[in-house]
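To start, the structure under review is shown below, and the notes come after it.
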Amino acid sequence: MAADSSSLEYEASSILPGRGRIGTANPARSSFALKTSISLDSGIGNDEDVRLQAQQKKKAKKKKNPILINATLTRYSVVREVGEVYGTLTTKEDDLNCFLYWSDAVIPAERVSYLKPYQRINHFPGMGEICRKDSLARNMMRMIKAHPDSYNFVPRTWILPGDYTSLQNYGLDLKKKRKHRTFIVKPANGAMGHGISLYRSADKIPQLEHMVVQEYIEKPFLIDGYKFDLRVYILMTSCDPLKVFLFNDGLVRMSTEQYSAPTEGNVNQLYMHLTNYSINKRNDNFDRAEDIGAGSKRSLQYLRELLHSQDVDVATLWKDIADVLVKTILVAEPHVLHNYRMCRPGQNGESACFEILGFDIMLDRKLRPWLIEINRAPSFNTDTQLDYDIKKALLMDTFKLLNMKITDKRKGLAAQKAEAQKRLLKPTRRSENDLTDLEQQKAHIERRKAELKAKLAEVRKENTREDFENRNMGHFQRIFPPVDKAKREQYERLLIDAFQLLSGRPPSWRKDIKGLFPSKLQEDVILDQLQQCELECEEAGKLIRGPKPLSSMPSLASDKPEEDFLSATDGQPSESSKTISRPRSAKPLSSRTRSMTRPGSSRTMQRSASHQSLQETVVTKEAEARQEEMTQVTLDVLTEMRIKFPGKSDGEARKVLEQIMEHWKYHKPRIVSYWLVKLDSVKRRKVIEIVRSNVKAVLQRTWKSGAIEDVRIYRIVARVFNKLLWNHGQGLWNCFLATGDSWETIFTKSSDHVTALEMSCCRRVVQLCKDCLLIVYQFAAEARSNPSISRTSSERTLTPHSRGSQSRPMTNPNPWGSRSSNSLDKVVPVSGRMSRLYISTEKV
């Protein structure tokens with residue numbers, strides 16, 4: 001190494017102008033040579049350091065504009081830890097450029113109104129209507145009166161001092177019936193179990209201020225002889241429209257003394273009757289075991305396994321709990337929505353607020369869930385490993401669903417600026433009185449088009465957002481809006497009554513309540529409406545073209561002279577009765593000439609008109625017969641079409657489909673996961689495009705029409721394809737189920753009549769799409785188990801240009817397996833795996 005270093009020094013010094021080597025007469029040259037030799041020496045052995053420095057510079061460049069998260073108002077370390085994963089924590093409490101503000105305490109409504117379009121905060125204004133015990137009881141009592149069967153999950157409650165007389169009367173009724181009830185008294189705005197006491201008789205309860213009295217659940221479900229309650233977490237990401245997610249894990253909080261029914265002797269033993277963690281952790285019997293199935297704090301996963309071992313229907317119980325949570329949120333929605341719209345008037349797009357709520361649920365011996373209370377700021381203390389695992393997973397999935405991006409700031413500020421410019425630079429509108437009827441009609445159509453385009457952009461944005469949520473929910477599950485149509489209608493009725501009872505809104509608000517549900521308006525419906533507007537606009541444009549007609553200009557019922565009508569006898573037109581076009585320069589008949597017509601000419605005109613309508617009827621029937629004949633040919637061609645499986649014959653492909661349907665219970669959850677979760681919207685559309693493109697080619701050949709969009713059957717089938725892609729592919733999946741919205745509803749709600757043959761064509765197209773999905777699913781499954789299948793399939797279908805200089809003709813010039821070169825089948829690649837999927841026809 002020394003020899004190499006000296007030679008490098010000599011070479012570096014010999015490059016310099018003038019004589020001398022290192023250490024000779026010229027110190028400047030020697031120092032430069034020394035530096036050069038040192039850098040050369042270090043470059044030989046420190047390439048790894050240079051690479052690390054480059055990576056650090058790259059990371060620093062990425063963090064030039066980080067996602068700032070303000071967690072200065074939280075005392076929980078796990079919140080800051082998760083915040084560092086998704087962004088950079090700021091130390092300034094009043095930092096105005098943060099993307100996210102996290103606060104343990106309730107925030108004032110003014111803070112929400114000051115937020116910029118890209119900023120979020122972890123509380124909704126108005127949520128105290130269900131998080132304060134007295135407000136929750138007041139709102140629940142109103143809903144119980146209107147819907148006693150739906151809101152039967154809340155224990156009987158009284159708010160003191162207003163309901164003290166009612167409470168005493170209830171106690172007297174119990175004594176007359178010789179029944180005993182235990183009552184639990186809580187502070188109206190208390191937390192952590194402070195100020196809670198139990199009473200065996202209502203007459204012993206003092207008349208206190210700001211207290212809530214509830215009937216005690218005396219027969220709870222027990223675990224190992226201990227009473228417990230459930231801490232269930234939900235995430236509310238938006239109130240307009242309402243979106244609620246349920247976390248599939250939580251805490252089972254147990255008391256620390258064996259439970260026995262309340263008596264005068266044990267009514268003061270809070271460690272037995274209360275399940276609050278803040279109370280029981282002070283007991284010496286509190287078990288801090290780290291196992292999820294042991295200790296005084298356990299996980300919901302353990303409870304599921306325990307109930308499953310006792311042959312309990314856990315899925316039904318979890319649905320009942322979710323139903324309780326949704327109905328409770330519906331009670332808060334009128335207040336939350338009112339406060340949010342007051343803070344953020346006219347805002348569209350992402351919600352500025354989100355909130356994690358902790359629901360306390362108790363199960364009785366019949367496993368019926370009861371709502372105890374709601375915590376607006378649930379504790380994120382991590383005293384045990386179980387707490388840390390559950391709460392960190394909850395926060396990680398929450399931050400992921402928020403989908404904060406650096407570009408949100410630029411887009412949000414740009415949209416805000418564009419909206420302000422739109423308001424300021426809005427052109428002046430002409431008065432309606434200055435417009436003619438046709439111009440008013442055209443202006444109305446243009447406004448309608450603008451509204452539909454804005455609605456289409458909103459629906460597409462919402463669909464993209466929902467698609468992201470479906471793929472990134474993690475341990476969350478969506479409980480509102482529900483997928484079940486019956487549940488959706490039930491919640492909509494409850495929401496309407498909640499607005500009317502709780503906020504005093506008039507019935508006109510029912511229209512706005514529809515908007516609280518995420519838009520179910522299909523994209524294809526809006527596109528159909530836009531197309532209809534285009535047609536109406538064209539018709540209005542044709543009427544507006546040309547000079548404005550004079551009001552005094554005479555009009556003729558027909559261009560035919562009077563003698564022509566007289567020559568028609570018995571409905572048989574003569575040669576002279578054919579249409580004669582009057583020259584443009586010809587003057588209209590005078591009023592005197594028209595008044596001298598013969599009395600019988602009107603009857604002759606009626607006979608001519610009836611004959612013309614008869615001819616039109618005959619022509620229409622002939623066209624309908626021709627249309628029906630061609631539709632039958634189309635149905636025959638569609639019936640012969642099959643989905644081919646790459647590398648398999650038609651018989652083998654048919655056998656694959658039969659095996660999937662034979663073992664449907666096994667394949668069903670895997671297919672729905674593959675179609676609705678794994679495939680994004682682009683790939684789902686490409687799967688449908690396999691069938692769509694080939695059906696279009698078949699129709700072009702069958703109907704011999706270049707403008708296939710003008711063919712009626714193609715327009716009908718196109719609506720079916722759009723319906724199958726509705727709700728992120730849910731439309732096609734509903735075809736596999738007995739329930740759900742069917743694609744046939746697009747015709748039942750339309751005024752356009754669809755014949756039986758056309759419906760048969762649509763059913764055949766739907767069947768092809770179903771077969772195509774099953775083939776794609778099976779092909780992907782085989783490709784995962786044997787990756788060489790996917791690689792071989794993609795290599796066989798490469799075009800000559802895709803190989804570059806190594807291009808060569810395909811071994812199979814007709815990869816579609818058609819019998820002749822005139823086949824209508826065309827390659828419709830989906831991805832590298834699906835590039836050989838296609839449709840074949842035996843005969844066209």
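Chain labels follow the order of the structure tokens: the first chain is A, the next B, and so on; residue numbering restarts at 1 in every chain, and ligands are counted from 1 in their shown order.
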
Problem set entry | For region 238-248 of chain A: contacts at 9 Å, only C-alpha atoms, fewer than 5 positions along chain excluded, given as an MDAnalysis selection string | chainID A and resid 124 232:233 300:301 322 325:326 329 333 336:337 340:341 350:355 394 473:481 515:519

Problem set entry | Within 6 Å of region 280-295 of chain A using only C-alpha atoms, minus same-chain residues under 5 positions, as a ChimeraX atom specification | /A:256,271,302

Residue contacts of Met127 (chain A) (12 Å, only C-alpha atoms) excluding same-chain residues fewer than 2 positions away, as a tab-separated table (two decimals) with all heavy atoms, in the first residue's frame:
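Dumped to out.tsv:
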```tsv
chain	number	residue	atom	x	y	z
A	106	VAL	N	-60.73	18.32	25.19
A	106	VAL	CA	-61.70	18.78	24.21
A	106	VAL	C	-61.24	20.13	23.66
A	106	VAL	O	-60.77	20.99	24.40
A	106	VAL	CB	-63.09	18.90	24.85
A	106	VAL	CG1	-64.10	19.40	23.84
A	106	VAL	CG2	-63.52	17.56	25.43
A	107	ILE	N	-61.38	20.31	22.36
A	107	ILE	CA	-60.91	21.54	21.72
A	107	ILE	C	-62.09	22.47	21.48
A	107	ILE	O	-63.21	22.02	21.23
A	107	ILE	CB	-60.18	21.22	20.40
A	107	ILE	CG1	-61.02	20.25	19.55
A	107	ILE	CG2	-58.83	20.61	20.67
A	107	ILE	CD1	-61.59	20.82	18.33
A	108	PRO	N	-61.90	23.77	21.53
A	108	PRO	CA	-63.00	24.71	21.25
A	108	PRO	C	-63.37	24.68	19.77
A	108	PRO	O	-62.55	24.35	18.91
A	108	PRO	CB	-62.42	26.07	21.67
A	108	PRO	CG	-60.95	25.90	21.58
A	108	PRO	CD	-60.65	24.48	21.91
A	109	ALA	N	-64.61	25.05	19.48
A	109	ALA	CA	-65.08	25.02	18.10
A	109	ALA	C	-64.32	26.00	17.22
A	109	ALA	O	-64.16	25.77	16.01
A	109	ALA	CB	-66.57	25.32	18.06
A	122	ASN	N	-58.08	15.79	16.08
A	122	ASN	CA	-58.62	14.50	16.53
A	122	ASN	C	-59.88	14.62	17.38
A	122	ASN	O	-60.15	13.76	18.21
A	122	ASN	CB	-57.55	13.72	17.30
A	122	ASN	CG	-57.22	14.36	18.64
A	122	ASN	OD1	-57.13	15.57	18.73
A	122	ASN	ND2	-57.04	13.56	19.67
A	123	HIS	N	-60.68	15.68	17.19
A	123	HIS	CA	-61.95	15.81	17.89
A	123	HIS	C	-62.97	16.49	17.00
A	123	HIS	O	-62.62	17.40	16.23
A	123	HIS	CB	-61.79	16.61	19.20
A	123	HIS	CG	-61.02	15.90	20.26
A	123	HIS	ND1	-61.49	14.79	20.92
A	123	HIS	CD2	-59.79	16.15	20.79
A	123	HIS	CE1	-60.60	14.38	21.80
A	123	HIS	NE2	-59.56	15.19	21.74
A	124	PHE	N	-64.23	16.05	17.11
A	124	PHE	CA	-65.35	16.70	16.44
A	124	PHE	C	-66.03	17.67	17.41
A	124	PHE	O	-66.21	17.32	18.58
A	124	PHE	CB	-66.38	15.67	15.97
A	124	PHE	CG	-66.06	15.02	14.67
A	124	PHE	CD1	-65.48	13.76	14.64
A	124	PHE	CD2	-66.34	15.66	13.47
A	124	PHE	CE1	-65.18	13.16	13.43
A	124	PHE	CE2	-66.05	15.06	12.26
A	124	PHE	CZ	-65.46	13.80	12.24
A	125	PRO	N	-66.43	18.83	16.96
A	125	PRO	CA	-67.24	19.69	17.83
A	125	PRO	C	-68.64	19.11	17.99
A	125	PRO	O	-69.22	18.59	17.05
A	125	PRO	CB	-67.26	21.03	17.06
A	125	PRO	CG	-67.05	20.65	15.64
A	125	PRO	CD	-66.15	19.44	15.65
A	129	GLU	N	-72.50	15.61	23.21
A	129	GLU	CA	-73.90	15.23	23.34
A	129	GLU	C	-74.09	13.75	23.65
A	129	GLU	O	-75.16	13.35	24.10
A	129	GLU	CB	-74.66	15.58	22.06
A	129	GLU	CG	-74.83	17.07	21.84
A	129	GLU	CD	-75.73	17.71	22.89
A	129	GLU	OE1	-76.63	17.01	23.39
A	129	GLU	OE2	-75.54	18.90	23.22
A	130	ILE	N	-73.09	12.95	23.40
A	130	ILE	CA	-73.18	11.54	23.80
A	130	ILE	C	-72.06	11.14	24.76
A	130	ILE	O	-72.09	10.04	25.32
A	130	ILE	CB	-73.15	10.59	22.58
A	130	ILE	CG1	-71.85	10.73	21.80
A	130	ILE	CG2	-74.36	10.79	21.71
A	130	ILE	CD1	-71.67	9.69	20.71
A	131	CYS	N	-71.07	12.02	24.95
A	131	CYS	CA	-69.96	11.67	25.84
A	131	CYS	C	-70.18	12.15	27.27
A	131	CYS	O	-69.60	11.58	28.20
A	131	CYS	CB	-68.65	12.24	25.28
A	131	CYS	SG	-68.15	11.49	23.72
A	132	ARG	N	-70.97	13.17	27.48
A	132	ARG	CA	-71.42	13.51	28.83
A	132	ARG	C	-72.57	12.58	29.22
A	132	ARG	O	-73.48	12.33	28.42
A	132	ARG	CB	-71.88	14.96	28.89
A	132	ARG	CG	-70.78	15.98	29.02
A	132	ARG	CD	-71.39	17.37	29.13
A	132	ARG	NE	-72.28	17.48	30.26
A	132	ARG	CZ	-71.97	18.04	31.43
A	132	ARG	NH1	-70.76	18.55	31.59
A	132	ARG	NH2	-72.85	18.12	32.40
A	133	LYS	N	-72.55	12.08	30.43
A	133	LYS	CA	-73.55	11.10	30.85
A	133	LYS	C	-74.96	11.67	30.86
A	133	LYS	O	-75.92	10.98	30.48
A	133	LYS	CB	-73.18	10.54	32.23
A	133	LYS	CG	-71.86	9.79	32.27
A	133	LYS	CD	-71.56	9.30	33.66
A	133	LYS	CE	-70.24	8.56	33.71
A	133	LYS	NZ	-69.08	9.44	33.39
A	135	SER	N	-76.09	14.28	29.00
A	135	SER	CA	-76.52	14.54	27.63
A	135	SER	C	-76.87	13.24	26.91
A	135	SER	O	-77.86	13.17	26.16
A	135	SER	CB	-75.42	15.28	26.87
A	135	SER	OG	-75.14	16.53	27.48
A	136	LEU	N	-76.06	12.21	27.14
A	136	LEU	CA	-76.36	10.91	26.53
A	136	LEU	C	-77.71	10.39	27.01
A	136	LEU	O	-78.54	9.91	26.21
A	136	LEU	CB	-75.25	9.92	26.88
A	136	LEU	CG	-75.48	8.47	26.44
A	136	LEU	CD1	-75.53	8.36	24.92
A	136	LEU	CD2	-74.39	7.55	27.00
A	236	MET	N	-64.26	7.51	13.87
A	236	MET	CA	-65.19	8.29	13.05
A	236	MET	C	-64.33	9.25	12.21
A	236	MET	O	-63.74	10.19	12.74
A	236	MET	CB	-66.17	9.04	13.94
A	236	MET	CG	-67.23	9.81	13.20
A	236	MET	SD	-68.46	10.45	14.39
A	236	MET	CE	-69.33	11.62	13.34
A	239	CYS	N	-68.17	13.24	9.32
A	239	CYS	CA	-69.58	13.37	9.70
A	239	CYS	C	-70.44	13.83	8.53
A	239	CYS	O	-71.66	13.86	8.64
A	239	CYS	CB	-69.73	14.34	10.87
A	239	CYS	SG	-69.33	16.05	10.50
A	328	THR	N	-75.93	4.54	18.50
A	328	THR	CA	-75.50	5.60	19.41
A	328	THR	C	-74.90	6.77	18.64
A	328	THR	O	-75.15	7.93	18.96
A	328	THR	CB	-74.49	5.04	20.41
A	328	THR	OG1	-75.05	3.89	21.07
A	328	THR	CG2	-74.13	6.08	21.45
A	329	ILE	N	-74.11	6.47	17.62
A	329	ILE	CA	-73.52	7.54	16.80
A	329	ILE	C	-74.61	8.32	16.07
A	329	ILE	O	-74.51	9.54	15.89
A	329	ILE	CB	-72.51	6.94	15.81
A	329	ILE	CG1	-71.29	6.40	16.57
A	329	ILE	CG2	-72.07	7.97	14.79
A	329	ILE	CD1	-70.48	7.46	17.26
A	330	LEU	N	-75.67	7.65	15.65
A	330	LEU	CA	-76.77	8.34	14.97
A	330	LEU	C	-77.42	9.37	15.88
A	330	LEU	O	-77.94	10.39	15.42
A	330	LEU	CB	-77.81	7.34	14.48
A	330	LEU	CG	-77.36	6.35	13.40
A	330	LEU	CD1	-78.52	5.46	12.98
A	330	LEU	CD2	-76.79	7.07	12.20
A	331	VAL	N	-77.41	9.10	17.19
A	331	VAL	CA	-77.96	10.07	18.15
A	331	VAL	C	-77.10	11.34	18.17
A	331	VAL	O	-77.62	12.45	18.29
A	331	VAL	CB	-78.05	9.43	19.55
A	331	VAL	CG1	-78.44	10.46	20.58
A	331	VAL	CG2	-79.06	8.30	19.54
A	332	ALA	N	-75.80	11.20	18.03
A	332	ALA	CA	-74.91	12.36	18.08
A	332	ALA	C	-74.82	13.09	16.75
A	332	ALA	O	-74.43	14.26	16.73
A	332	ALA	CB	-73.51	11.91	18.51
A	333	GLU	N	-75.16	12.43	15.65
A	333	GLU	CA	-74.93	13.00	14.33
A	333	GLU	C	-75.60	14.36	14.12
A	333	GLU	O	-74.97	15.27	13.56
A	333	GLU	CB	-75.38	12.01	13.25
A	333	GLU	CG	-75.29	12.51	11.82
A	333	GLU	CD	-73.88	12.80	11.37
A	333	GLU	OE1	-72.93	12.45	12.11
A	333	GLU	OE2	-73.71	13.40	10.29
A	334	PRO	N	-76.87	14.59	14.52
A	334	PRO	CA	-77.45	15.92	14.30
A	334	PRO	C	-76.65	17.04	14.96
A	334	PRO	O	-76.44	18.10	14.37
A	334	PRO	CB	-78.85	15.79	14.90
A	334	PRO	CG	-79.17	14.34	14.86
A	334	PRO	CD	-77.86	13.65	15.09
A	335	HIS	N	-76.18	16.82	16.18
A	335	HIS	CA	-75.42	17.84	16.89
A	335	HIS	C	-74.03	18.02	16.29
A	335	HIS	O	-73.56	19.15	16.12
A	335	HIS	CB	-75.31	17.47	18.37
A	335	HIS	CG	-76.62	17.15	19.02
A	335	HIS	ND1	-77.51	18.12	19.42
A	335	HIS	CD2	-77.21	15.96	19.32
A	335	HIS	CE1	-78.58	17.56	19.95
A	335	HIS	NE2	-78.43	16.24	19.91
A	336	VAL	N	-73.37	16.91	15.97
A	336	VAL	CA	-72.02	16.99	15.42
A	336	VAL	C	-72.05	17.66	14.05
A	336	VAL	O	-71.22	18.54	13.74
A	336	VAL	CB	-71.40	15.58	15.33
A	336	VAL	CG1	-70.06	15.63	14.61
A	336	VAL	CG2	-71.22	14.99	16.72
A	337	LEU	N	-73.02	17.28	13.22
A	337	LEU	CA	-73.09	17.86	11.88
A	337	LEU	C	-73.38	19.36	11.93
A	337	LEU	O	-72.79	20.15	11.18
A	337	LEU	CB	-74.17	17.14	11.07
A	337	LEU	CG	-74.33	17.60	9.63
A	337	LEU	CD1	-73.09	17.28	8.82
A	337	LEU	CD2	-75.54	16.96	8.99
A	338	HIS	N	-74.29	19.76	12.83
A	338	HIS	CA	-74.62	21.18	12.94
A	338	HIS	C	-73.39	21.98	13.36
A	338	HIS	O	-73.08	23.02	12.75
A	338	HIS	CB	-75.75	21.36	13.95
A	338	HIS	CG	-76.03	22.80	14.29
A	338	HIS	ND1	-76.66	23.66	13.42
A	338	HIS	CD2	-75.75	23.52	15.41
A	338	HIS	CE1	-76.76	24.86	13.97
A	338	HIS	NE2	-76.23	24.79	15.18
A	339	ASN	N	-72.68	21.51	14.36
A	339	ASN	CA	-71.49	22.24	14.83
A	339	ASN	C	-70.38	22.24	13.79
A	339	ASN	O	-69.67	23.24	13.63
A	339	ASN	CB	-70.99	21.61	16.14
A	339	ASN	CG	-71.86	21.97	17.33
A	339	ASN	OD1	-71.69	22.99	17.97
A	339	ASN	ND2	-72.81	21.09	17.62
A	340	TYR	N	-70.22	21.12	13.10
A	340	TYR	CA	-69.16	21.04	12.10
A	340	TYR	C	-69.43	21.99	10.93
A	340	TYR	O	-68.53	22.67	10.44
A	340	TYR	CB	-69.02	19.60	11.60
A	340	TYR	CG	-67.90	19.41	10.60
A	340	TYR	CD1	-66.58	19.29	11.03
A	340	TYR	CD2	-68.14	19.36	9.24
A	340	TYR	CE1	-65.55	19.12	10.13
A	340	TYR	CE2	-67.12	19.20	8.33
A	340	TYR	CZ	-65.82	19.08	8.77
A	340	TYR	OH	-64.79	18.93	7.88
A	353	CYS	N	-61.86	16.89	10.71
A	353	CYS	CA	-61.88	16.26	12.03
A	353	CYS	C	-61.97	14.75	11.91
A	353	CYS	O	-62.50	14.22	10.93
A	353	CYS	CB	-63.06	16.77	12.86
A	353	CYS	SG	-63.10	18.56	13.11
A	354	PHE	N	-61.47	14.09	12.91
A	354	PHE	CA	-61.66	12.66	13.10
A	354	PHE	C	-61.65	12.41	14.61
A	354	PHE	O	-61.24	13.28	15.38
A	354	PHE	CB	-60.57	11.84	12.40
A	354	PHE	CG	-59.21	11.97	13.03
A	354	PHE	CD1	-58.75	11.04	13.95
A	354	PHE	CD2	-58.39	13.05	12.72
A	354	PHE	CE1	-57.51	11.15	14.54
A	354	PHE	CE2	-57.14	13.19	13.31
A	354	PHE	CZ	-56.70	12.23	14.21
A	355	GLU	N	-62.13	11.25	15.03
A	355	GLU	CA	-62.18	11.01	16.48
A	355	GLU	C	-62.20	9.52	16.77
A	355	GLU	O	-62.87	8.74	16.09
A	355	GLU	CB	-63.41	11.68	17.10
A	355	GLU	CG	-63.40	11.69	18.61
A	355	GLU	CD	-64.06	12.92	19.19
A	355	GLU	OE1	-64.74	13.66	18.46
A	355	GLU	OE2	-63.91	13.14	20.40
A	356	ILE	N	-61.43	9.15	17.79
A	356	ILE	CA	-61.44	7.79	18.34
A	356	ILE	C	-62.26	7.82	19.62
A	356	ILE	O	-61.96	8.58	20.54
A	356	ILE	CB	-60.02	7.28	18.62
A	356	ILE	CG1	-59.21	7.20	17.33
A	356	ILE	CG2	-60.07	5.92	19.30
A	356	ILE	CD1	-57.76	6.79	17.54
A	357	LEU	N	-63.31	7.02	19.67
A	357	LEU	CA	-64.18	6.95	20.83
A	357	LEU	C	-64.04	5.58	21.50
A	357	LEU	O	-63.91	4.56	20.81
A	357	LEU	CB	-65.65	7.18	20.44
A	357	LEU	CG	-65.99	8.53	19.83
A	357	LEU	CD1	-67.44	8.55	19.37
A	357	LEU	CD2	-65.73	9.66	20.81
A	374	ILE	N	-69.63	6.43	27.18
A	374	ILE	CA	-68.75	6.67	26.03
A	374	ILE	C	-67.66	7.63	26.47
A	374	ILE	O	-67.92	8.64	27.12
A	374	ILE	CB	-69.54	7.27	24.85
A	374	ILE	CG1	-70.71	6.36	24.48
A	374	ILE	CG2	-68.64	7.46	23.64
A	374	ILE	CD1	-71.71	7.00	23.57
A	375	ASN	N	-66.43	7.30	26.11
A	375	ASN	CA	-65.28	8.12	26.46
A	375	ASN	C	-64.79	8.86	25.22
A	375	ASN	O	-64.41	8.24	24.22
A	375	ASN	CB	-64.14	7.25	27.03
A	375	ASN	CG	-64.52	6.64	28.36
A	375	ASN	OD1	-64.28	7.22	29.41
A	375	ASN	ND2	-65.13	5.47	28.32
A	376	ARG	N	-64.81	10.18	25.32
A	376	ARG	CA	-64.37	11.00	24.19
A	376	ARG	C	-62.86	11.03	24.06
A	376	ARG	O	-62.33	11.21	22.97
A	376	ARG	CB	-64.92	12.43	24.38
A	376	ARG	CG	-64.71	13.31	23.18
A	376	ARG	CD	-65.40	14.63	23.35
A	376	ARG	NE	-65.36	15.41	22.13
A	376	ARG	CZ	-65.91	16.60	21.99
A	376	ARG	NH1	-66.58	17.13	23.01
A	376	ARG	NH2	-65.83	17.26	20.85
A	377	ALA	N	-62.17	10.89	25.16
A	377	ALA	CA	-60.70	10.87	25.15
A	377	ALA	C	-60.25	9.60	25.87
A	377	ALA	O	-59.81	9.65	27.04
A	377	ALA	CB	-60.15	12.11	25.83
```

Exercise. Using the chain letters and numbers from this document, which residues of region 79-300 of chain A does DSSP assign to strand (DSSP E or B), as JSON, numbers by chain?
Worked result: {"A": [88, 89, 90, 100, 101, 102, 103, 120, 121, 157, 158, 159, 160, 183, 184, 185, 186, 187, 197, 198, 199, 211, 212, 213, 214, 215, 220, 222, 223, 226, 227, 228, 229, 230, 231, 232, 233, 234, 235, 236, 237, 238, 239, 242, 243, 244, 245, 246, 247, 248, 249, 250, 251, 252, 253, 254, 297, 298, 299]}

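Minimum atom-to-atom distances from A:Ile279, A:Ile217, A:Ile643, A:Ala625 to Met362 (chain A) were compared using only C-alpha atoms, and the lowest value belongs to A:Ile217.
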
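Nearest residue to Glu658 (chain A) among A:Glu419, A:Asp771, A:Glu257, A:Glu758 is A:Asp771, counting only C-alpha atoms.
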
Problem set entry | Among listed residues A:Asp229, A:Glu93, A:Glu489, A:Glu523, nearest Asn70 (chain A) (using only C-alpha atoms) |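 Among the listed residues, A:Glu93 lies closest to Asn70 (chain A).
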
Problem set entry | Separation of CA of Gln214 (chain A) from CA of Thr157 (chain A) in Å |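 Rounded to one decimal, the two atoms are 4.5 Å apart.
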
Problem set entry | Contact residues around Ile713 (chain A) with only C-alpha atoms at 9 Å, ignoring same-chain residues under 6 positions, as a ChimeraX atom specification | /A:631,634,699,758,761-762

With N, CA, C and O atoms kept, could you save the residues just selected as a PDB file, in the first residue's frame?
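Listing of again_27.pdb after writing:
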```
ATOM      1  N   THR A 631     -81.426  -9.177 -32.973  1.00  0.00           N
ATOM      2  CA  THR A 631     -81.174  -9.439 -31.551  1.00  0.00           C
ATOM      3  C   THR A 631     -81.092 -10.934 -31.275  1.00  0.00           C
ATOM      4  O   THR A 631     -80.274 -11.393 -30.467  1.00  0.00           O
ATOM      5  N   THR A 634     -77.771 -12.043 -32.392  1.00  0.00           N
ATOM      6  CA  THR A 634     -76.781 -11.624 -31.389  1.00  0.00           C
ATOM      7  C   THR A 634     -76.783 -12.562 -30.187  1.00  0.00           C
ATOM      8  O   THR A 634     -75.727 -12.944 -29.669  1.00  0.00           O
ATOM      9  N   LEU A 699     -70.589  -7.583 -31.893  1.00  0.00           N
ATOM     10  CA  LEU A 699     -71.730  -6.773 -32.314  1.00  0.00           C
ATOM     11  C   LEU A 699     -71.422  -5.981 -33.571  1.00  0.00           C
ATOM     12  O   LEU A 699     -72.287  -5.807 -34.438  1.00  0.00           O
ATOM     13  N   GLU A 758     -83.528  -8.945 -25.424  1.00  0.00           N
ATOM     14  CA  GLU A 758     -82.452  -8.063 -24.977  1.00  0.00           C
ATOM     15  C   GLU A 758     -82.032  -8.401 -23.550  1.00  0.00           C
ATOM     16  O   GLU A 758     -80.834  -8.363 -23.223  1.00  0.00           O
ATOM     17  N   CYS A 761     -79.791 -11.377 -23.730  1.00  0.00           N
ATOM     18  CA  CYS A 761     -78.434 -10.993 -24.137  1.00  0.00           C
ATOM     19  C   CYS A 761     -77.664 -10.441 -22.936  1.00  0.00           C
ATOM     20  O   CYS A 761     -76.483 -10.765 -22.742  1.00  0.00           O
ATOM     21  N   CYS A 762     -78.319  -9.625 -22.146  1.00  0.00           N
ATOM     22  CA  CYS A 762     -77.661  -9.062 -20.964  1.00  0.00           C
ATOM     23  C   CYS A 762     -77.288 -10.161 -19.964  1.00  0.00           C
ATOM     24  O   CYS A 762     -76.199 -10.136 -19.383  1.00  0.00           O
TER      25      CYS A 762
END
```

For this session: Write down as a ChimeraX atom specification the residues of region 255-387 of chain A whose backbone DSSP state falls under helix (DSSP H, G or I).
Result: /A:270-273,277-280,300-309,314-343,385-387

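Rounded to one decimal, CA of Pro220 (chain A) and CA of Leu363 (chain A) lie 5.9 Å from each other.
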
For this session: Have a look at CA of Arg200 (chain A) and CA of Met140 (chain A) and let me know their distance in Å, one decimal.
Result: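 Computed distance, CA of Arg200 (chain A) to CA of Met140 (chain A), equals 24.5 Å.
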
Which region 266-375 of chain A residues have any atom within 12 Å of an atom of region 167-191 of chain A, and for each, what is the nearest pair of atoms with distance in Å to one decimal, counting only C-alpha atoms, rows sorted by chain and number, as a tab-separated table?
```
residue	atom	partner	partner_atom	distance
A:Asn266	CA	A:Thr182	CA	11.8
A:Val267	CA	A:Thr182	CA	8.8
A:Asn268	CA	A:Ile184	CA	11.0
A:Leu270	CA	A:Ile184	CA	11.0
A:His273	CA	A:Ile184	CA	9.9
A:Leu274	CA	A:Ile184	CA	10.0
A:Asn276	CA	A:Ala191	CA	9.6
A:Tyr277	CA	A:Ala191	CA	11.2
A:Ser278	CA	A:Ala191	CA	9.4
A:Ile279	CA	A:Ala191	CA	10.9
A:Ile372	CA	A:Ile184	CA	11.2
A:Glu373	CA	A:Ala191	CA	10.0
A:Ile374	CA	A:Ala191	CA	10.1
A:Asn375	CA	A:Ala191	CA	8.4
```
